[in-house]
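Reviewing the structure listed below.
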Amino acid sequence: MKNAQVVQDQRTADFEGERRRLVRLGYRMLGSISEAEDVVQDAWLRFATVTGGIDTPAAYLTRVVTRLCLDRMKSARARRETYVGPWLPEPLIGAVEPDETIADNITITLMLAMERLSPLERAAFLLHDVFDVALGDVAAALGREPAAVRQLASRARKHVQDARPRYTIEAAEGDRIARAFFAAARDGDTAALSALLAQDVEIHTDGGGRVLAFRNVIRGIERALRLFAGVRRKAAQPPTLLRTATIDGLPGYVSIDRGSVLQTTALDIRDGRIVAIYIVRNPDKLTRIEEFTSSQRTRPMS
């Protein structure tokens, strides 16, 4: 009995030591923190009850989480085919939830590019290129030969090459641009927006059919300027800035729109101009920051 308890205690310690990394992997595979946590919990149940010894707990857990994610991705892709409007991953807000920050140099832009990969390509790319898992261990996790895994990762790398972060922006500069953009969008300031937006800017808005949102991606500065001007004219109440934040590696902010709708806005900034705007309004994807922000709604930032 004592030996069994020692084994169980060691497995608990091994799992807790890997939990954060496993949630990171699950989130990058699925685009959902809640689903990632469910997968990791399932992996723990298997890890805790498996008989026999496990030589490398980290490799075992990585293999189980990867396979569980691959199973979930089948149904997730089917759901996204009927998703209302643009789909965006659940936002990770570093300034709001520092313990949940996933610092692996993957932005929303890259996550959207990974949506175009096959599940096996995505897994191979993440495990090998992002999480630095040895090729042999990736092969074991995917049930493929190492040569096949190398080809999967290579194809994925080529497909997402243009979306990988190539531009660095200082935190203070990102915060300044985020604040300037919020103010310009709030006021419908066309001149200020023109100075901030790139000519080929894109606006992605995820409402999931739950709240008012743009059903299609808005492309081009002229359409964007008309959109912001129209929103300003129709708004009965201006938006409220709750705080600036880093959202999936991009500068951005959390705000309240139309007096009650919580949203996050992330900005992809290159050469001082905003090339993409990612707005999440779907309340199902914002539950993690709802409690935090509700305490701040009476204390808006200037």
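Note on naming: chains are A, B, ... as they come in the structure tokens, residues start from 1 per chain, ligands start from 1 in the order shown.
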Might you pull out every residue within 9 Å of A:Val217, with only C-alpha atoms counted and same-chain residues fewer than 6 positions away left off, and present them as a short mmCIF file (atom, residue, chain, number, x, y, z; two decimals) with all heavy atoms, in the first residue's frame?
data_model
loop_
_atom_site.label_atom_id
_atom_site.label_comp_id
_atom_site.auth_asym_id
_atom_site.auth_seq_id
_atom_site.Cartn_x
_atom_site.Cartn_y
_atom_site.Cartn_z
N GLY A 85 -20.05 33.76 -38.92
CA GLY A 85 -19.04 34.80 -39.04
C GLY A 85 -17.63 34.26 -38.88
O GLY A 85 -17.42 33.04 -38.75
N PRO A 86 -16.63 35.12 -38.88
CA PRO A 86 -15.24 34.70 -38.73
C PRO A 86 -15.01 34.01 -37.38
O PRO A 86 -15.57 34.42 -36.36
CB PRO A 86 -14.45 36.01 -38.82
CG PRO A 86 -15.35 36.96 -39.52
CD PRO A 86 -16.74 36.58 -39.11
N GLU A 202 -7.00 44.45 -42.33
CA GLU A 202 -8.11 43.51 -42.24
C GLU A 202 -8.72 43.58 -40.85
O GLU A 202 -8.01 43.73 -39.86
CB GLU A 202 -7.65 42.07 -42.51
CG GLU A 202 -7.16 41.81 -43.92
CD GLU A 202 -6.87 40.34 -44.15
OE1 GLU A 202 -6.91 39.56 -43.16
OE2 GLU A 202 -6.60 39.96 -45.29
N ILE A 203 -10.05 43.46 -40.78
CA ILE A 203 -10.76 43.46 -39.50
C ILE A 203 -11.53 42.15 -39.38
O ILE A 203 -12.42 41.86 -40.17
CB ILE A 203 -11.74 44.64 -39.39
CG1 ILE A 203 -11.00 45.97 -39.61
CG2 ILE A 203 -12.42 44.64 -38.02
CD1 ILE A 203 -11.93 47.17 -39.65
N HIS A 204 -11.16 41.34 -38.39
CA HIS A 204 -11.81 40.07 -38.10
C HIS A 204 -12.61 40.23 -36.82
O HIS A 204 -12.04 40.61 -35.78
CB HIS A 204 -10.78 38.96 -37.91
CG HIS A 204 -9.87 38.74 -39.08
ND1 HIS A 204 -9.88 37.58 -39.82
CD2 HIS A 204 -8.90 39.54 -39.63
CE1 HIS A 204 -8.97 37.67 -40.78
NE2 HIS A 204 -8.36 38.85 -40.68
N THR A 205 -13.90 39.94 -36.85
CA THR A 205 -14.75 40.11 -35.68
C THR A 205 -15.50 38.81 -35.40
O THR A 205 -16.27 38.35 -36.23
CB THR A 205 -15.77 41.24 -35.88
OG1 THR A 205 -15.08 42.42 -36.31
CG2 THR A 205 -16.49 41.55 -34.58
#
For A:Glu35, work out the shell of residues within 12 Å, counting only C-alpha atoms and skipping chain neighbours fewer than 6 positions away, then give it as a JSON list (two decimals) with all heavy atoms, in the first residue's frame.
[["chain", "number", "residue", "atom", "x", "y", "z"],
["A", 22, "LEU", "N", 1.30, 21.33, -20.92],
["A", 22, "LEU", "CA", 0.28, 20.54, -21.61],
["A", 22, "LEU", "C", -0.92, 21.40, -21.99],
["A", 22, "LEU", "O", -1.51, 21.23, -23.07],
["A", 22, "LEU", "CB", -0.16, 19.38, -20.72],
["A", 22, "LEU", "CG", 0.92, 18.33, -20.41],
["A", 22, "LEU", "CD1", 0.42, 17.35, -19.36],
["A", 22, "LEU", "CD2", 1.37, 17.60, -21.67],
["A", 23, "VAL", "N", -1.31, 22.33, -21.11],
["A", 23, "VAL", "CA", -2.40, 23.24, -21.45],
["A", 23, "VAL", "C", -2.00, 24.13, -22.62],
["A", 23, "VAL", "O", -2.80, 24.41, -23.51],
["A", 23, "VAL", "CB", -2.81, 24.09, -20.22],
["A", 23, "VAL", "CG1", -3.82, 25.17, -20.62],
["A", 23, "VAL", "CG2", -3.41, 23.22, -19.14],
["A", 24, "ARG", "N", -0.75, 24.59, -22.61],
["A", 24, "ARG", "CA", -0.24, 25.36, -23.75],
["A", 24, "ARG", "C", -0.40, 24.58, -25.05],
["A", 24, "ARG", "O", -0.88, 25.09, -26.05],
["A", 24, "ARG", "CB", 1.23, 25.70, -23.56],
["A", 24, "ARG", "CG", 1.54, 26.76, -22.52],
["A", 24, "ARG", "CD", 3.05, 26.89, -22.33],
["A", 24, "ARG", "NE", 3.73, 27.16, -23.59],
["A", 24, "ARG", "CZ", 5.00, 26.88, -23.85],
["A", 24, "ARG", "NH1", 5.73, 26.26, -22.95],
["A", 24, "ARG", "NH2", 5.53, 27.19, -25.00],
["A", 25, "LEU", "N", 0.04, 23.32, -25.02],
["A", 25, "LEU", "CA", -0.05, 22.49, -26.22],
["A", 25, "LEU", "C", -1.50, 22.31, -26.64],
["A", 25, "LEU", "O", -1.84, 22.46, -27.82],
["A", 25, "LEU", "CB", 0.61, 21.13, -25.94],
["A", 25, "LEU", "CG", 0.47, 20.07, -27.05],
["A", 25, "LEU", "CD1", 1.08, 20.57, -28.35],
["A", 25, "LEU", "CD2", 1.12, 18.77, -26.61],
["A", 26, "GLY", "N", -2.36, 21.99, -25.68],
["A", 26, "GLY", "CA", -3.77, 21.78, -26.01],
["A", 26, "GLY", "C", -4.41, 23.03, -26.59],
["A", 26, "GLY", "O", -5.19, 22.96, -27.55],
["A", 27, "TYR", "N", -4.08, 24.19, -26.02],
["A", 27, "TYR", "CA", -4.65, 25.43, -26.53],
["A", 27, "TYR", "C", -4.17, 25.72, -27.94],
["A", 27, "TYR", "O", -4.96, 26.13, -28.81],
["A", 27, "TYR", "CB", -4.27, 26.60, -25.60],
["A", 27, "TYR", "CG", -4.64, 27.94, -26.18],
["A", 27, "TYR", "CD1", -5.97, 28.34, -26.26],
["A", 27, "TYR", "CD2", -3.67, 28.80, -26.68],
["A", 27, "TYR", "CE1", -6.32, 29.56, -26.81],
["A", 27, "TYR", "CE2", -4.01, 30.02, -27.23],
["A", 27, "TYR", "CZ", -5.33, 30.39, -27.29],
["A", 27, "TYR", "OH", -5.67, 31.60, -27.84],
["A", 28, "ARG", "N", -2.89, 25.53, -28.20],
["A", 28, "ARG", "CA", -2.37, 25.80, -29.54],
["A", 28, "ARG", "C", -2.91, 24.81, -30.57],
["A", 28, "ARG", "O", -3.01, 25.14, -31.75],
["A", 28, "ARG", "CB", -0.84, 25.76, -29.52],
["A", 28, "ARG", "CG", -0.18, 26.87, -28.71],
["A", 28, "ARG", "CD", -0.74, 28.22, -29.01],
["A", 28, "ARG", "NE", 0.01, 29.29, -28.38],
["A", 28, "ARG", "CZ", -0.39, 30.55, -28.33],
["A", 28, "ARG", "NH1", -1.57, 30.89, -28.85],
["A", 28, "ARG", "NH2", 0.33, 31.49, -27.75],
["A", 29, "MET", "N", -3.29, 23.64, -30.13],
["A", 29, "MET", "CA", -3.90, 22.67, -31.04],
["A", 29, "MET", "C", -5.36, 23.01, -31.31],
["A", 29, "MET", "O", -5.84, 22.90, -32.45],
["A", 29, "MET", "CB", -3.80, 21.26, -30.44],
["A", 29, "MET", "CG", -2.40, 20.66, -30.47],
["A", 29, "MET", "SD", -1.93, 20.02, -32.09],
["A", 29, "MET", "CE", -2.97, 18.55, -32.19],
["A", 41, "GLN", "N", -7.11, 17.23, -18.34],
["A", 41, "GLN", "CA", -7.72, 16.47, -17.25],
["A", 41, "GLN", "C", -7.92, 15.02, -17.65],
["A", 41, "GLN", "O", -7.68, 14.09, -16.85],
["A", 41, "GLN", "CB", -9.07, 17.10, -16.86],
["A", 41, "GLN", "CG", -9.74, 16.43, -15.68],
["A", 41, "GLN", "CD", -8.93, 16.50, -14.40],
["A", 41, "GLN", "OE1", -8.13, 17.42, -14.21],
["A", 41, "GLN", "NE2", -9.13, 15.53, -13.52],
["A", 42, "ASP", "N", -8.36, 14.79, -18.90],
["A", 42, "ASP", "CA", -8.50, 13.42, -19.39],
["A", 42, "ASP", "C", -7.14, 12.70, -19.40],
["A", 42, "ASP", "O", -7.05, 11.51, -19.07],
["A", 42, "ASP", "CB", -9.09, 13.41, -20.80],
["A", 42, "ASP", "CG", -10.56, 13.78, -20.82],
["A", 42, "ASP", "OD1", -11.19, 13.80, -19.74],
["A", 42, "ASP", "OD2", -11.08, 14.09, -21.91],
["A", 65, "VAL", "N", -1.95, 13.79, -24.68],
["A", 65, "VAL", "CA", -2.62, 15.06, -24.98],
["A", 65, "VAL", "C", -2.71, 15.29, -26.47],
["A", 65, "VAL", "O", -3.75, 15.73, -26.99],
["A", 65, "VAL", "CB", -1.89, 16.23, -24.27],
["A", 65, "VAL", "CG1", -2.37, 17.58, -24.81],
["A", 65, "VAL", "CG2", -2.11, 16.17, -22.76],
["A", 68, "LEU", "N", -5.45, 13.02, -27.91],
["A", 68, "LEU", "CA", -6.78, 13.49, -27.52],
["A", 68, "LEU", "C", -7.16, 14.75, -28.30],
["A", 68, "LEU", "O", -8.32, 14.90, -28.71],
["A", 68, "LEU", "CB", -6.81, 13.78, -26.02],
["A", 68, "LEU", "CG", -6.76, 12.55, -25.10],
["A", 68, "LEU", "CD1", -6.59, 12.98, -23.63],
["A", 68, "LEU", "CD2", -8.02, 11.70, -25.24],
["A", 69, "CYS", "N", -6.20, 15.63, -28.52],
["A", 69, "CYS", "CA", -6.47, 16.84, -29.31],
["A", 69, "CYS", "C", -6.81, 16.50, -30.75],
["A", 69, "CYS", "O", -7.72, 17.08, -31.34],
["A", 69, "CYS", "CB", -5.26, 17.77, -29.26],
["A", 69, "CYS", "SG", -5.05, 18.67, -27.71],
["A", 71, "ASP", "N", -8.22, 13.85, -31.81],
["A", 71, "ASP", "CA", -9.60, 13.34, -31.82],
["A", 71, "ASP", "C", -10.60, 14.49, -31.78],
["A", 71, "ASP", "O", -11.61, 14.48, -32.49],
["A", 71, "ASP", "CB", -9.83, 12.41, -30.63],
["A", 71, "ASP", "CG", -9.10, 11.08, -30.78],
["A", 71, "ASP", "OD1", -8.73, 10.74, -31.92],
["A", 71, "ASP", "OD2", -8.90, 10.40, -29.75],
["A", 72, "ARG", "N", -10.34, 15.48, -30.94],
["A", 72, "ARG", "CA", -11.26, 16.61, -30.80],
["A", 72, "ARG", "C", -11.27, 17.50, -32.02],
["A", 72, "ARG", "O", -12.27, 18.15, -32.33],
["A", 72, "ARG", "CB", -10.89, 17.44, -29.57],
["A", 72, "ARG", "CG", -11.25, 16.76, -28.26],
["A", 72, "ARG", "CD", -11.24, 17.75, -27.13],
["A", 72, "ARG", "NE", -11.70, 17.13, -25.90],
["A", 72, "ARG", "CZ", -12.52, 17.71, -25.04],
["A", 72, "ARG", "NH1", -12.98, 18.94, -25.29],
["A", 72, "ARG", "NH2", -12.89, 17.10, -23.93],
["A", 73, "MET", "N", -10.15, 17.58, -32.73],
["A", 73, "MET", "CA", -10.06, 18.46, -33.88],
["A", 73, "MET", "C", -11.03, 18.06, -34.99],
["A", 73, "MET", "O", -11.47, 18.90, -35.77],
["A", 73, "MET", "CB", -8.63, 18.51, -34.40],
["A", 73, "MET", "CG", -7.68, 19.29, -33.49],
["A", 73, "MET", "SD", -5.96, 19.23, -34.03],
["A", 73, "MET", "CE", -6.04, 20.35, -35.43],
["A", 76, "ALA", "N", -14.23, 19.65, -33.97],
["A", 76, "ALA", "CA", -14.05, 21.10, -33.96],
["A", 76, "ALA", "C", -14.11, 21.67, -35.37],
["A", 76, "ALA", "O", -14.72, 22.71, -35.61],
["A", 76, "ALA", "CB", -12.73, 21.45, -33.29],
["A", 89, "PRO", "N", -9.55, 32.32, -32.26],
["A", 89, "PRO", "CA", -9.29, 31.53, -31.06],
["A", 89, "PRO", "C", -9.69, 32.29, -29.80],
["A", 89, "PRO", "O", -9.77, 33.53, -29.80],
["A", 89, "PRO", "CB", -7.78, 31.30, -31.10],
["A", 89, "PRO", "CG", -7.24, 32.40, -31.95],
["A", 89, "PRO", "CD", -8.31, 32.69, -32.96],
["A", 90, "GLU", "N", -9.95, 31.56, -28.74],
["A", 90, "GLU", "CA", -10.25, 32.19, -27.46],
["A", 90, "GLU", "C", -9.05, 33.06, -27.06],
["A", 90, "GLU", "O", -7.92, 32.59, -27.07],
["A", 90, "GLU", "CB", -10.48, 31.11, -26.41],
["A", 90, "GLU", "CG", -10.82, 31.64, -25.04],
["A", 90, "GLU", "CD", -11.07, 30.52, -24.04],
["A", 90, "GLU", "OE1", -11.22, 29.36, -24.46],
["A", 90, "GLU", "OE2", -11.09, 30.82, -22.83],
["A", 285, "LYS", "N", -16.35, 32.86, -25.37],
["A", 285, "LYS", "CA", -14.89, 32.86, -25.38],
["A", 285, "LYS", "C", -14.30, 33.87, -24.41],
["A", 285, "LYS", "O", -13.07, 34.02, -24.33],
["A", 285, "LYS", "CB", -14.39, 33.17, -26.80],
["A", 285, "LYS", "CG", -14.80, 32.12, -27.83],
["A", 285, "LYS", "CD", -14.22, 32.43, -29.19],
["A", 285, "LYS", "CE", -14.62, 31.34, -30.19],
["A", 285, "LYS", "NZ", -14.02, 31.56, -31.53]]
Using DSSP on the backbone coordinates, identify all residues within stretch 98-271 of chain A classified as helix (DSSP H, G or I); present the result as a PDB file with C-alpha atoms, in the first residue's frame.
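Output (states08.pdb):
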ATOM      1  CA  PRO A  98      -0.587  36.455 -15.932  1.00  0.00           C
ATOM      2  CA  ASP A  99      -0.626  32.855 -14.686  1.00  0.00           C
ATOM      3  CA  GLU A 100      -2.290  31.746 -17.904  1.00  0.00           C
ATOM      4  CA  ILE A 108      -3.390  35.112 -33.399  1.00  0.00           C
ATOM      5  CA  THR A 109      -2.183  35.608 -36.975  1.00  0.00           C
ATOM      6  CA  LEU A 110      -0.139  32.419 -36.820  1.00  0.00           C
ATOM      7  CA  MET A 111      -2.937  30.489 -35.120  1.00  0.00           C
ATOM      8  CA  LEU A 112      -5.273  31.402 -37.977  1.00  0.00           C
ATOM      9  CA  ALA A 113      -2.642  30.279 -40.463  1.00  0.00           C
ATOM     10  CA  MET A 114      -2.389  26.970 -38.622  1.00  0.00           C
ATOM     11  CA  PRO A 119      -4.398  18.095 -37.977  1.00  0.00           C
ATOM     12  CA  LEU A 120      -1.231  16.008 -38.342  1.00  0.00           C
ATOM     13  CA  GLU A 121       0.689  18.906 -39.907  1.00  0.00           C
ATOM     14  CA  ARG A 122      -0.408  21.198 -37.096  1.00  0.00           C
ATOM     15  CA  ALA A 123       0.607  18.687 -34.439  1.00  0.00           C
ATOM     16  CA  ALA A 124       3.978  18.020 -36.064  1.00  0.00           C
ATOM     17  CA  PHE A 125       4.716  21.736 -36.423  1.00  0.00           C
ATOM     18  CA  LEU A 126       3.735  22.573 -32.852  1.00  0.00           C
ATOM     19  CA  LEU A 127       5.524  19.665 -31.232  1.00  0.00           C
ATOM     20  CA  HIS A 128       8.724  19.912 -33.261  1.00  0.00           C
ATOM     21  CA  ASP A 129       9.081  23.629 -34.035  1.00  0.00           C
ATOM     22  CA  VAL A 130       7.353  25.284 -31.077  1.00  0.00           C
ATOM     23  CA  LEU A 135      11.635  13.992 -33.661  1.00  0.00           C
ATOM     24  CA  GLY A 136      11.423  10.434 -32.343  1.00  0.00           C
ATOM     25  CA  ASP A 137       8.997  11.468 -29.617  1.00  0.00           C
ATOM     26  CA  VAL A 138       6.875  13.399 -32.142  1.00  0.00           C
ATOM     27  CA  ALA A 139       6.774  10.279 -34.318  1.00  0.00           C
ATOM     28  CA  ALA A 140       5.631   8.210 -31.333  1.00  0.00           C
ATOM     29  CA  ALA A 141       2.938  10.758 -30.454  1.00  0.00           C
ATOM     30  CA  LEU A 142       1.581  10.796 -34.016  1.00  0.00           C
ATOM     31  CA  PRO A 146      10.257   9.951 -38.164  1.00  0.00           C
ATOM     32  CA  ALA A 147      10.777  10.597 -41.899  1.00  0.00           C
ATOM     33  CA  ALA A 148       7.044  11.135 -42.374  1.00  0.00           C
ATOM     34  CA  VAL A 149       6.928  13.474 -39.380  1.00  0.00           C
ATOM     35  CA  ARG A 150       9.831  15.469 -40.787  1.00  0.00           C
ATOM     36  CA  GLN A 151       7.868  15.935 -44.020  1.00  0.00           C
ATOM     37  CA  LEU A 152       4.716  16.950 -42.119  1.00  0.00           C
ATOM     38  CA  ALA A 153       6.614  19.593 -40.153  1.00  0.00           C
ATOM     39  CA  SER A 154       8.372  20.848 -43.283  1.00  0.00           C
ATOM     40  CA  ARG A 155       5.097  21.265 -45.198  1.00  0.00           C
ATOM     41  CA  ALA A 156       3.509  23.031 -42.242  1.00  0.00           C
ATOM     42  CA  ARG A 157       6.485  25.353 -41.889  1.00  0.00           C
ATOM     43  CA  LYS A 158       6.163  26.449 -45.506  1.00  0.00           C
ATOM     44  CA  HIS A 159       2.414  27.025 -45.238  1.00  0.00           C
ATOM     45  CA  VAL A 160       2.659  29.275 -42.171  1.00  0.00           C
ATOM     46  CA  GLN A 161       5.927  30.990 -43.050  1.00  0.00           C
ATOM     47  CA  ASP A 162       4.347  34.327 -43.940  1.00  0.00           C
ATOM     48  CA  ALA A 163       2.324  34.391 -40.704  1.00  0.00           C
ATOM     49  CA  ALA A 171       5.670  47.057 -25.235  1.00  0.00           C
ATOM     50  CA  ALA A 172       5.385  50.801 -24.641  1.00  0.00           C
ATOM     51  CA  GLU A 173       4.950  51.500 -28.362  1.00  0.00           C
ATOM     52  CA  GLY A 174       2.346  48.769 -28.687  1.00  0.00           C
ATOM     53  CA  ASP A 175       0.446  50.182 -25.735  1.00  0.00           C
ATOM     54  CA  ARG A 176       0.599  53.686 -27.220  1.00  0.00           C
ATOM     55  CA  ILE A 177      -0.778  52.526 -30.563  1.00  0.00           C
ATOM     56  CA  ALA A 178      -3.505  50.464 -28.867  1.00  0.00           C
ATOM     57  CA  ARG A 179      -4.660  53.492 -26.872  1.00  0.00           C
ATOM     58  CA  ALA A 180      -4.489  55.743 -29.913  1.00  0.00           C
ATOM     59  CA  PHE A 181      -6.499  53.283 -31.971  1.00  0.00           C
ATOM     60  CA  PHE A 182      -9.161  52.895 -29.280  1.00  0.00           C
ATOM     61  CA  ALA A 183      -9.578  56.667 -29.026  1.00  0.00           C
ATOM     62  CA  ALA A 184      -9.727  57.141 -32.803  1.00  0.00           C
ATOM     63  CA  ALA A 185     -12.235  54.313 -33.273  1.00  0.00           C
ATOM     64  CA  ARG A 186     -14.355  55.570 -30.362  1.00  0.00           C
ATOM     65  CA  ASP A 187     -14.458  59.087 -31.759  1.00  0.00           C
ATOM     66  CA  THR A 190     -10.966  59.422 -39.724  1.00  0.00           C
ATOM     67  CA  ALA A 191      -7.721  61.382 -39.871  1.00  0.00           C
ATOM     68  CA  ALA A 192      -6.265  59.608 -36.836  1.00  0.00           C
ATOM     69  CA  LEU A 193      -7.391  56.215 -38.115  1.00  0.00           C
ATOM     70  CA  SER A 194      -5.861  56.904 -41.521  1.00  0.00           C
ATOM     71  CA  ALA A 195      -2.529  57.528 -39.813  1.00  0.00           C
ATOM     72  CA  LEU A 196      -2.758  54.273 -37.855  1.00  0.00           C
ATOM     73  CA  ILE A 221      -8.521  50.995 -45.361  1.00  0.00           C
ATOM     74  CA  GLU A 222     -11.385  52.693 -47.192  1.00  0.00           C
ATOM     75  CA  ARG A 223     -13.919  50.120 -46.051  1.00  0.00           C
ATOM     76  CA  ALA A 224     -12.464  50.195 -42.557  1.00  0.00           C
ATOM     77  CA  LEU A 225     -12.778  53.983 -42.319  1.00  0.00           C
ATOM     78  CA  ARG A 226     -16.391  53.882 -43.486  1.00  0.00           C
ATOM     79  CA  LEU A 227     -17.113  51.155 -40.994  1.00  0.00           C
ATOM     80  CA  PHE A 228     -15.686  53.032 -38.017  1.00  0.00           C
ATOM     81  CA  ALA A 229     -17.443  56.231 -39.060  1.00  0.00           C
ATOM     82  CA  GLY A 230     -20.750  54.380 -39.352  1.00  0.00           C
ATOM     83  CA  VAL A 231     -20.347  52.651 -35.998  1.00  0.00           C
ATOM     84  CA  ARG A 232     -19.632  55.984 -34.355  1.00  0.00           C
ATOM     85  CA  ARG A 233     -22.747  57.573 -35.848  1.00  0.00           C
ATOM     86  CA  LYS A 234     -25.012  54.734 -34.768  1.00  0.00           C
TER      87      LYS A 234
END
Close residues, stretch 8-18 of chain A itself excluded, 8 Å, only C-alpha atoms, min 6 positions apart in chain, as a PDB file with N, CA and C atoms, in the first residue's frame:
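Heads up, here's the output in part21.pdb:
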ATOM      1  N   TRP A  44      -4.662  13.312 -17.428  1.00  0.00           N
ATOM      2  CA  TRP A  44      -4.316  13.005 -16.045  1.00  0.00           C
ATOM      3  C   TRP A  44      -4.997  11.716 -15.576  1.00  0.00           C
ATOM      4  N   PHE A  47      -3.125   8.888 -17.007  1.00  0.00           N
ATOM      5  CA  PHE A  47      -1.797   8.813 -16.409  1.00  0.00           C
ATOM      6  C   PHE A  47      -1.872   8.246 -14.991  1.00  0.00           C
ATOM      7  N   ALA A  48      -2.888   8.644 -14.238  1.00  0.00           N
ATOM      8  CA  ALA A  48      -3.007   8.236 -12.842  1.00  0.00           C
ATOM      9  C   ALA A  48      -3.389   6.773 -12.701  1.00  0.00           C
ATOM     10  N   PRO A  57       7.583  10.400 -18.021  1.00  0.00           N
ATOM     11  CA  PRO A  57       6.229  10.944 -17.865  1.00  0.00           C
ATOM     12  C   PRO A  57       5.907  12.078 -18.838  1.00  0.00           C
ATOM     13  N   ALA A  58       6.888  12.985 -19.070  1.00  0.00           N
ATOM     14  CA  ALA A  58       6.632  14.116 -19.959  1.00  0.00           C
ATOM     15  C   ALA A  58       6.287  13.644 -21.366  1.00  0.00           C
ATOM     16  N   LEU A  61       2.737  11.947 -21.339  1.00  0.00           N
ATOM     17  CA  LEU A  61       1.657  12.921 -21.255  1.00  0.00           C
ATOM     18  C   LEU A  61       1.518  13.715 -22.551  1.00  0.00           C
TER      19      LEU A  61
END
Item to check | Residue nearest A:Gln263 - candidates A:Arg219, A:Val201, A:Pro91, A:Thr107, atoms counted: only C-alpha atoms | outcome: A:Pro91
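Distance-wise, atom CA of A:Asn216 and atom CA of A:Asp200 end up 15.4 Å apart.
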Checklist entry - Which value, in Å to one decimal, gives the distance between atom CA of A:Val211 and atom CA of A:Tyr278? => result 15.6 Å
Item to check | For atom CA of A:Arg144 and atom CA of A:Ser34, the interatomic separation in Å (one decimal) | outcome: 28.4 Å
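Using only C-alpha atoms, the shortest contact distance between A:Ile277 and any of A:Leu197, A:Leu92, A:Leu70, A:Leu212 is found at A:Leu197.
When DSSP is run on the backbone, the residues of stretch 189-254 of chain A that fall into strand (DSSP E) are Leu197, Ala198, Gln199, Asp200, Val201, Glu202, Ile203, His204, Thr205, Asp206, Ile218, Arg219, Thr240, Leu241, Leu242, Arg243, Thr244, Ala245, Thr246, Ile247, Leu250, Pro251, Gly252, Tyr253 and Val254 of chain A.
Around A:Gly208, within 7 Å and counting only C-alpha atoms, the residues found are Tyr83, Val84, Gly85, Asp206, Arg210 and Asn282 of chain A, once anything fewer than 2 positions away on its own chain is removed.
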